[in-house]
file run-v6.txt (compact mmCIF, C-alpha atoms)
# COMPACT_ATOMS: atom_id res chain seq x y z
CA MET A 5 8.03 13.18 -0.42
CA PRO A 6 5.17 15.52 0.45
CA GLN A 7 5.52 18.17 3.11
CA VAL A 8 2.97 18.29 5.90
CA ASP A 9 1.66 21.76 6.64
CA ASP A 10 1.55 22.34 10.40
CA GLY A 11 0.40 25.92 10.10
CA PRO A 12 -1.64 27.57 12.86
CA GLU A 13 -5.01 27.11 11.20
CA SER A 14 -4.72 23.37 10.56
CA GLY A 15 -2.12 22.15 13.05
CA GLU A 16 -4.59 20.70 15.57
CA THR A 17 -6.52 18.89 12.84
CA LEU A 18 -3.36 17.46 11.31
CA ARG A 19 -2.05 16.21 14.65
CA ARG A 20 -5.33 14.37 15.10
CA LYS A 21 -5.28 12.94 11.57
CA LEU A 22 -1.66 11.82 11.88
CA ASP A 23 -2.04 9.93 15.15
CA PRO A 24 0.27 6.88 14.85
CA GLU A 25 -2.54 4.52 15.86
CA LEU A 26 -4.75 5.52 12.93
CA PRO A 27 -4.86 3.14 9.96
CA LEU A 28 -3.05 3.26 6.65
CA GLY A 29 -5.16 3.77 3.54
CA VAL A 30 -4.42 1.85 0.33
CA PHE A 31 -6.36 1.90 -2.92
CA ASP A 32 -6.29 0.42 -6.40
CA SER A 33 -8.78 -0.01 -9.20
CA GLY A 34 -9.55 -3.58 -8.18
CA LEU A 35 -7.91 -6.69 -6.80
CA GLY A 36 -4.31 -6.10 -7.81
CA GLY A 37 -3.42 -3.71 -5.00
CA LEU A 38 -3.74 -6.57 -2.54
CA THR A 39 -0.22 -7.54 -3.65
CA VAL A 40 0.90 -4.26 -2.08
CA VAL A 41 -1.25 -4.81 1.04
CA ARG A 42 0.36 -8.23 1.54
CA GLU A 43 3.84 -6.72 1.50
CA ILE A 44 2.85 -3.83 3.79
CA ALA A 45 1.32 -6.26 6.30
CA ALA A 46 4.53 -8.30 6.27
CA ALA A 47 6.76 -5.25 6.73
CA LEU A 48 4.49 -3.49 9.25
CA PRO A 49 2.64 -6.24 11.13
CA ARG A 50 1.17 -3.93 13.79
CA GLU A 51 -0.52 -1.58 11.36
CA ARG A 52 -4.21 -1.52 10.57
CA ILE A 53 -4.77 -1.22 6.81
CA ILE A 54 -7.93 -0.08 5.05
CA TYR A 55 -7.95 -1.21 1.42
CA LEU A 56 -10.30 0.19 -1.21
CA GLY A 57 -10.74 -1.61 -4.53
CA ASP A 58 -12.73 0.45 -7.04
CA THR A 59 -14.22 -2.67 -8.57
CA ALA A 60 -17.14 -0.80 -10.15
CA ARG A 61 -14.76 1.05 -12.47
CA VAL A 62 -11.85 -1.33 -13.01
CA PRO A 63 -9.66 -1.13 -15.06
CA TYR A 64 -8.22 2.38 -14.89
CA GLY A 65 -5.45 1.75 -17.40
CA ALA A 66 -7.40 2.62 -20.55
CA ARG A 67 -9.09 5.73 -19.07
CA SER A 68 -8.12 9.30 -19.94
CA PRO A 69 -5.80 11.11 -17.50
CA ALA A 70 -8.61 13.46 -16.46
CA THR A 71 -10.86 10.51 -15.64
CA VAL A 72 -8.13 8.75 -13.69
CA VAL A 73 -7.52 11.90 -11.63
CA ARG A 74 -11.24 12.16 -10.86
CA TYR A 75 -11.48 8.51 -9.84
CA ALA A 76 -8.33 8.80 -7.72
CA GLN A 77 -9.69 11.85 -5.92
CA GLY A 78 -12.88 9.95 -5.09
CA CYS A 79 -10.98 6.97 -3.71
CA ALA A 80 -8.60 9.14 -1.70
CA ARG A 81 -11.39 11.19 -0.18
CA ALA A 82 -13.29 8.06 0.80
CA LEU A 83 -10.25 6.74 2.66
CA VAL A 84 -9.60 10.10 4.32
CA ARG A 85 -13.17 9.96 5.66
CA GLU A 86 -12.23 6.63 7.27
CA GLY A 87 -9.56 8.48 9.25
CA ILE A 88 -6.17 7.44 7.86
CA LYS A 89 -2.66 8.66 8.70
CA ALA A 90 -1.03 7.97 5.31
CA LEU A 91 -2.14 6.97 1.81
CA VAL A 92 -0.54 4.40 -0.49
CA VAL A 93 -1.62 4.58 -4.11
CA ALA A 94 -1.33 0.92 -5.09
CA CYS A 95 -2.08 1.66 -8.73
CA ASN A 96 0.54 2.40 -11.33
CA THR A 97 -1.87 4.32 -13.53
CA VAL A 98 -2.87 6.66 -10.70
CA SER A 99 0.75 6.96 -9.56
CA ALA A 100 1.66 8.00 -13.11
CA VAL A 101 -0.94 10.73 -13.64
CA ALA A 102 -2.55 11.75 -10.34
CA LEU A 103 0.01 11.49 -7.54
CA ASP A 104 0.95 15.17 -7.54
CA VAL A 105 -2.73 16.16 -7.44
CA LEU A 106 -3.36 13.93 -4.42
CA ARG A 107 -0.26 15.20 -2.64
CA ALA A 108 -1.39 18.79 -3.15
CA GLU A 109 -4.91 18.06 -1.89
CA LEU A 110 -4.21 15.87 1.14
CA ASP A 111 -2.67 16.90 4.45
CA LEU A 112 -0.98 13.55 4.97
CA PRO A 113 1.84 11.51 3.42
CA VAL A 114 1.05 10.05 -0.01
CA LEU A 115 3.23 7.31 -1.51
CA GLY A 116 2.95 5.86 -5.00
CA VAL A 117 4.40 2.67 -6.48
CA ILE A 118 6.32 3.89 -9.51
CA GLU A 119 9.32 5.54 -7.85
CA PRO A 120 9.97 2.57 -5.52
CA GLY A 121 9.58 0.22 -8.48
CA ALA A 122 12.03 2.22 -10.56
CA ARG A 123 14.64 2.16 -7.79
CA ALA A 124 14.19 -1.60 -7.39
CA ALA A 125 14.55 -2.13 -11.14
CA VAL A 126 17.82 -0.21 -11.36
CA ALA A 127 19.19 -2.12 -8.37
CA ALA A 128 18.29 -5.45 -10.01
CA SER A 129 19.66 -4.66 -13.48
CA ALA A 130 23.26 -5.62 -14.29
CA ARG A 131 23.23 -4.01 -17.75
CA LEU A 132 20.79 -1.15 -17.06
CA ARG A 133 18.50 -2.36 -19.84
CA ILE A 134 15.08 -2.29 -18.23
CA GLY A 135 11.75 -3.40 -19.68
CA VAL A 136 8.39 -2.29 -18.34
CA LEU A 137 4.96 -3.84 -18.88
CA GLY A 138 2.04 -1.66 -17.86
CA THR A 139 -1.42 -0.43 -18.70
CA VAL A 140 -2.01 1.93 -21.62
CA GLY A 141 -2.33 4.86 -19.23
CA THR A 142 0.88 4.11 -17.34
CA ILE A 143 2.95 3.52 -20.46
CA SER A 144 1.61 6.55 -22.37
CA SER A 145 2.41 8.77 -19.38
CA GLY A 146 6.13 7.99 -19.66
CA ALA A 147 6.28 7.82 -15.87
CA TYR A 148 8.53 4.76 -15.62
CA PRO A 149 11.26 5.99 -17.99
CA ARG A 150 11.29 9.32 -16.15
CA ALA A 151 11.48 7.63 -12.75
CA VAL A 152 14.24 5.24 -13.86
CA LEU A 153 16.30 8.06 -15.36
CA THR A 154 16.17 10.00 -12.09
CA VAL A 155 17.90 6.99 -10.51
CA SER A 156 20.40 6.33 -13.32
CA THR A 157 20.92 8.45 -16.43
CA ARG A 158 22.73 5.50 -18.05
CA ALA A 159 19.68 3.24 -17.99
CA GLU A 160 17.76 2.34 -21.14
CA VAL A 161 14.04 1.71 -20.74
CA SER A 162 11.75 -0.18 -23.10
CA ALA A 163 8.14 0.29 -21.98
CA HIS A 164 5.13 -1.41 -23.60
CA ALA A 165 1.43 -1.67 -22.81
CA ALA A 166 -0.05 -5.05 -21.82
CA PRO A 167 -3.74 -4.22 -21.43
CA LEU A 168 -5.15 -7.76 -21.49
CA LEU A 169 -3.30 -8.78 -18.34
CA VAL A 170 -5.59 -6.82 -16.01
CA PRO A 171 -8.84 -8.55 -17.02
CA LEU A 172 -7.04 -11.91 -17.02
CA ALA A 173 -5.92 -11.28 -13.43
CA GLU A 174 -9.34 -10.03 -12.36
CA GLU A 175 -11.04 -13.11 -13.81
CA GLY A 176 -8.53 -15.49 -12.22
CA TRP A 177 -7.03 -16.67 -15.53
CA LEU A 178 -3.54 -16.92 -14.08
CA ASP A 179 -2.16 -19.92 -15.95
CA GLY A 180 -2.86 -21.97 -19.05
CA GLU A 181 -2.67 -21.30 -22.75
CA VAL A 182 -4.61 -18.01 -22.88
CA PRO A 183 -2.46 -16.05 -20.40
CA ARG A 184 0.70 -17.71 -21.72
CA LEU A 185 0.05 -16.52 -25.28
CA ALA A 186 -0.89 -13.02 -24.10
CA VAL A 187 2.27 -12.75 -22.01
CA ARG A 188 4.47 -13.97 -24.87
CA ARG A 189 2.98 -11.36 -27.18
CA TYR A 190 3.69 -8.56 -24.72
CA LEU A 191 7.23 -9.76 -23.98
CA GLU A 192 8.28 -9.78 -27.65
CA PRO A 193 9.44 -6.14 -27.80
CA LEU A 194 11.24 -6.48 -24.47
CA ALA A 195 13.08 -9.56 -25.72
CA ALA A 196 14.03 -7.67 -28.91
CA ALA A 197 15.42 -4.85 -26.72
CA GLU A 198 17.53 -7.42 -24.81
CA VAL A 199 16.41 -6.23 -21.39
CA ASP A 200 17.68 -7.98 -18.28
CA VAL A 201 14.89 -6.77 -15.96
CA VAL A 202 11.14 -6.83 -16.54
CA VAL A 203 9.18 -4.48 -14.30
CA LEU A 204 5.58 -5.41 -13.59
CA GLY A 205 4.18 -1.91 -14.00
CA CYS A 206 0.71 -2.72 -12.72
CA THR A 207 -0.23 -4.18 -9.35
CA HIS A 208 -2.46 -6.73 -11.05
CA TYR A 209 0.46 -8.25 -12.95
CA PRO A 210 2.11 -10.03 -9.96
CA LEU A 211 -0.92 -12.31 -9.96
CA LEU A 212 0.49 -13.58 -13.28
CA ARG A 213 4.10 -13.50 -12.11
CA ALA A 214 4.75 -17.24 -12.47
CA THR A 215 3.66 -17.18 -16.12
CA ILE A 216 5.55 -13.95 -16.84
CA GLU A 217 8.76 -15.27 -15.27
CA HIS A 218 8.57 -18.57 -17.15
CA GLU A 219 7.97 -16.95 -20.52
CA ALA A 220 10.56 -14.22 -19.92
CA ARG A 221 13.22 -16.83 -19.21
CA GLU A 222 12.21 -18.79 -22.29
CA MET A 223 12.33 -15.70 -24.54
CA ILE A 224 15.10 -13.59 -22.97
CA GLY A 225 17.24 -15.98 -20.94
CA ALA A 226 17.69 -17.43 -17.48
CA HIS A 227 19.43 -14.24 -16.32
CA VAL A 228 16.33 -12.05 -16.62
CA ARG A 229 14.87 -10.66 -13.39
CA VAL A 230 11.20 -9.87 -12.84
CA VAL A 231 10.58 -6.99 -10.44
CA ASP A 232 7.35 -5.72 -8.92
CA SER A 233 7.15 -2.60 -6.82
CA ALA A 234 5.11 -3.98 -3.92
CA HIS A 235 8.08 -4.99 -1.74
CA ALA A 236 9.98 -1.77 -2.46
CA THR A 237 6.88 0.31 -1.73
CA ALA A 238 6.34 -1.43 1.62
CA SER A 239 9.98 -0.82 2.59
CA GLU A 240 9.79 2.86 1.69
CA LEU A 241 6.50 3.22 3.56
CA ALA A 242 8.07 1.71 6.68
CA ALA A 243 10.95 4.21 6.45
CA LEU A 244 8.54 7.12 5.94
CA LEU A 245 6.43 6.19 8.96
CA HIS A 246 9.54 5.75 11.10
CA ASP A 247 10.95 9.14 10.04
CA ARG A 248 7.66 10.90 10.86
CA GLY A 249 7.04 9.11 14.13
CA LEU A 250 3.91 7.44 12.73
CA LEU A 251 4.63 3.76 13.38
CA ALA A 252 1.82 2.07 15.29
CA THR A 253 2.81 1.00 18.79
CA ARG A 254 -0.27 -1.07 19.70
CA GLU A 255 0.29 -4.60 20.95
CA GLY A 256 -0.79 -7.53 18.85
CA PRO A 257 -1.19 -7.99 15.08
CA GLY A 258 -2.69 -5.39 12.79
CA GLU A 259 -5.89 -5.72 10.81
CA ILE A 260 -6.94 -5.45 7.19
CA ASP A 261 -10.33 -3.91 6.39
CA LEU A 262 -11.62 -4.30 2.85
CA LEU A 263 -13.84 -1.86 0.95
CA VAL A 264 -15.08 -2.17 -2.62
CA THR A 265 -17.42 -0.29 -4.91
CA ASP A 266 -18.96 -3.44 -6.47
CA ARG A 267 -18.88 -7.28 -6.40
CA PRO A 268 -18.04 -7.78 -2.71
CA ARG A 269 -18.66 -11.52 -2.66
CA SER A 270 -16.29 -12.43 -5.48
CA PHE A 271 -13.73 -9.96 -4.16
CA GLY A 272 -13.86 -11.50 -0.68
CA GLU A 273 -13.38 -14.98 -2.11
CA MET A 274 -10.34 -13.90 -4.10
CA THR A 275 -8.68 -12.27 -1.08
CA ALA A 276 -8.19 -15.68 0.52
CA ARG A 277 -5.71 -16.52 -2.22
CA PHE A 278 -3.61 -13.39 -1.80
CA LEU A 279 -3.87 -12.58 1.92
CA GLY A 280 -4.19 -16.09 3.36
CA GLY A 281 -6.87 -17.50 5.63
CA PRO A 282 -10.57 -17.78 4.82
CA ALA A 283 -12.57 -15.46 2.57
CA ARG A 284 -12.86 -12.07 4.25
CA GLU A 285 -15.76 -9.79 4.94
CA VAL A 286 -15.96 -6.93 2.46
CA ARG A 287 -17.90 -3.69 2.82
CA VAL A 288 -19.42 -1.91 -0.16
CA ILE A 289 -19.18 1.87 -0.36
CA ASP A 290 -20.44 4.41 -2.88
CA LEU A 291 -18.02 6.95 -4.24

call {"tool": "encode", "arguments": {"input": "run-v6.txt", "output": "structure tokens"}}
result
Amino acid sequence: MPQVDDGPESGETLRRKLDPELPLGVFDSGLGGLTVVREIAAALPRERIIYLGDTARVPYGARSPATVVRYAQGCARALVREGIKALVVACNTVSAVALDVLRAELDLPVLGVIEPGARAAVAASARLRIGVLGTVGTISSGAYPRAVLTVSTRAEVSAHAAPLLVPLAEEGWLDGEVPRLAVRRYLEPLAAAEVDVVVLGCTHYPLLRATIEHEAREMIGAHVRVVDSAHATASELAALLHDRGLLATREGPGEIDLLVTDRPRSFGEMTARFLGGPAREVRVIDL
């Protein structure tokens, strides 16, 4: 967990930035991070959340690490300009390759999704045989096996890229023959490894959770568990805010503000499905 520098030169600024009534910042490459926002809003109903979807440059998963770091810095800086008290990186690819950079740059708490997801996977696995589906960038980074092994050195991790699932989720192809066949193809090596947990190593993948769970049970067995990191991340965020005295105390429900870098209308329409209620207003920003 990052340390906050309260040195004499920046202490006044940091106290202002870390006011408990300031909003939380959350970003992802597109729509998928709303699965994390939904869990945060449920766990922390008084908090205001500002969500940024970098829809102009989605997906991040096939980008080079240097490009992902540059994109992540742009998103983080945009949210800092909005005046946030903590940052949640709701993107597995960014969490895998850029989290340490963001923590070094920002004078506020920064939480990723991989470590909470790894802890949840170990807790859910009876045999400590864990499968991970993720983007090319997340899988090639080796971040999930490293995170799982810090929790349990006895765990075995089988991690495989599932790049087609992001565009399927973004386009709303969540069921039917096309996503079913794609999911089955990506589950084949996990079934061969006899895993008992499948980690959804991308925040877009929970949009396809029903299909993934059905096919995993067909191919692996009824005992298999499907885990996504959104719930675990929200729980760890709540603990972090409590420990640092940053929980909002305002009366009444929190708010969710939505920012995107492209396609605001289609994004707003899709949010109704994942956040409830009518389509929401979305503001476009330029990074």

call {"tool": "atom_distance", "arguments": {"input": "run-v6.txt", "atom1": "atom CA of A:Lys89", "atom2": "atom CA of A:Arg107"}}
result
13.3 Å

call {"tool": "closest_residue", "arguments": {"input": "run-v6.txt", "among": "A:Ala122, A:Val187, A:Ala127, A:Ala220", "to": "A:Val203", "atoms": "all atoms listed in the file"}}
result
A:Ala122

call {"tool": "closest_residue", "arguments": {"input": "run-v6.txt", "among": "A:His208, A:Arg131, A:Arg254, A:His227", "to": "A:Glu25", "atoms": "only C-alpha atoms"}}
result
A:Arg254

call {"tool": "closest_residue", "arguments": {"input": "run-v6.txt", "among": "A:Ala125, A:Ile216, A:Ile54, A:Leu22", "to": "A:Asp200", "atoms": "only C-alpha atoms"}}
result
A:Ala125

call {"tool": "closest_atom_pairs", "arguments": {"input": "run-v6.txt", "of": "stretch 147-244 of chain A", "to": "stretch 44-51 of chain A", "cutoff": "9 Å", "atoms": "only C-alpha atoms", "output": "CSV"}}
result
residue,atom,partner,partner_atom,distance
A:Ala234,CA,A:Ile44,CA,8.0
A:His235,CA,A:Ile44,CA,7.7
A:Thr237,CA,A:Ile44,CA,8.0
A:Ala238,CA,A:Ile44,CA,4.8
A:Ser239,CA,A:Ala47,CA,6.9
A:Leu241,CA,A:Ile44,CA,7.9
A:Ala242,CA,A:Leu48,CA,6.8

call {"tool": "closest_atom_pairs", "arguments": {"input": "run-v6.txt", "of": "stretch 62-125 of chain A", "to": "stretch 169-177 of chain A", "cutoff": "10 Å", "atoms": "only C-alpha atoms", "output": "Markdown table"}}
result
| residue | atom | partner | partner_atom | distance |
| --- | --- | --- | --- | --- |
| A:Val62 | CA | A:Pro171 | CA | 8.8 |
| A:Pro63 | CA | A:Val170 | CA | 7.1 |
| A:Tyr64 | CA | A:Val170 | CA | 9.6 |
| A:Gly65 | CA | A:Val170 | CA | 8.7 |

call {"tool": "write_last_selection", "arguments": {"input": "run-v6.txt", "atoms": "C-alpha atoms", "output": "PDB file, in the coordinates of the input"}}
result
ATOM      1  CA  VAL A  62     -11.850  -1.330 -13.010  1.00  0.00           C
ATOM      2  CA  PRO A  63      -9.660  -1.130 -15.060  1.00  0.00           C
ATOM      3  CA  TYR A  64      -8.220   2.380 -14.890  1.00  0.00           C
ATOM      4  CA  GLY A  65      -5.450   1.750 -17.400  1.00  0.00           C
TER       5      GLY A  65
END

call {"tool": "atom_distance", "arguments": {"input": "run-v6.txt", "atom1": "atom CA of A:Leu191", "atom2": "atom CA of A:Gly225"}}
result
12.2 Å

call {"tool": "closest_residue", "arguments": {"input": "run-v6.txt", "among": "A:Ala94, A:Ala80, A:Ile118, A:Ala165", "to": "A:Glu43", "atoms": "all atoms listed in the file"}}
result
A:Ala94

call {"tool": "atom_distance", "arguments": {"input": "run-v6.txt", "atom1": "atom CA of A:Val264", "atom2": "atom CA of A:Ser68"}}
result
21.9 Å

call {"tool": "build_atoms", "arguments": {"input": "run-v6.txt", "residues": "stretch 199-218 of chain A", "atoms": "N, CA and C atoms", "output": "CSV table (one decimal), keeping the file's coordinate frame"}}
result
chain,number,residue,atom,x,y,z
A,199,VAL,N,16.4,-6.7,-22.8
A,199,VAL,CA,16.4,-6.2,-21.4
A,199,VAL,C,16.9,-7.3,-20.5
A,200,ASP,N,17.3,-7.0,-19.3
A,200,ASP,CA,17.7,-8.0,-18.3
A,200,ASP,C,16.8,-7.9,-17.0
A,201,VAL,N,15.9,-6.9,-17.0
A,201,VAL,CA,14.9,-6.8,-16.0
A,201,VAL,C,13.5,-6.5,-16.6
A,202,VAL,N,12.5,-7.1,-16.1
A,202,VAL,CA,11.1,-6.8,-16.5
A,202,VAL,C,10.4,-6.3,-15.3
A,203,VAL,N,9.9,-5.1,-15.4
A,203,VAL,CA,9.2,-4.5,-14.3
A,203,VAL,C,7.7,-4.7,-14.5
A,204,LEU,N,7.0,-5.2,-13.5
A,204,LEU,CA,5.6,-5.4,-13.6
A,204,LEU,C,4.9,-4.1,-13.2
A,205,GLY,N,4.6,-3.3,-14.2
A,205,GLY,CA,4.2,-1.9,-14.0
A,205,GLY,C,2.7,-1.8,-13.8
A,206,CYS,N,2.1,-2.8,-13.1
A,206,CYS,CA,0.7,-2.7,-12.7
A,206,CYS,C,0.6,-3.7,-11.6
A,207,THR,N,-0.1,-3.3,-10.5
A,207,THR,CA,-0.2,-4.2,-9.4
A,207,THR,C,-1.1,-5.4,-9.6
A,208,HIS,N,-1.8,-5.5,-10.7
A,208,HIS,CA,-2.5,-6.7,-11.0
A,208,HIS,C,-1.5,-7.8,-11.6
A,209,TYR,N,-0.4,-7.3,-12.2
A,209,TYR,CA,0.5,-8.2,-13.0
A,209,TYR,C,1.2,-9.3,-12.1
A,210,PRO,N,1.5,-9.0,-10.8
A,210,PRO,CA,2.1,-10.0,-10.0
A,210,PRO,C,1.2,-11.3,-9.8
A,211,LEU,N,-0.1,-11.1,-10.0
A,211,LEU,CA,-0.9,-12.3,-10.0
A,211,LEU,C,-0.6,-13.3,-11.1
A,212,LEU,N,0.1,-12.8,-12.1
A,212,LEU,CA,0.5,-13.6,-13.3
A,212,LEU,C,2.0,-13.8,-13.3
A,213,ARG,N,2.6,-13.5,-12.1
A,213,ARG,CA,4.1,-13.5,-12.1
A,213,ARG,C,4.7,-14.8,-12.5
A,214,ALA,N,4.2,-15.9,-12.1
A,214,ALA,CA,4.8,-17.2,-12.5
A,214,ALA,C,4.8,-17.4,-14.0
A,215,THR,N,3.7,-17.1,-14.7
A,215,THR,CA,3.7,-17.2,-16.1
A,215,THR,C,4.6,-16.2,-16.8
A,216,ILE,N,4.7,-15.0,-16.3
A,216,ILE,CA,5.6,-14.0,-16.8
A,216,ILE,C,7.0,-14.4,-16.7
A,217,GLU,N,7.4,-14.8,-15.5
A,217,GLU,CA,8.8,-15.3,-15.3
A,217,GLU,C,9.1,-16.4,-16.2
A,218,HIS,N,8.3,-17.4,-16.3
A,218,HIS,CA,8.6,-18.6,-17.2
A,218,HIS,C,8.8,-18.2,-18.6
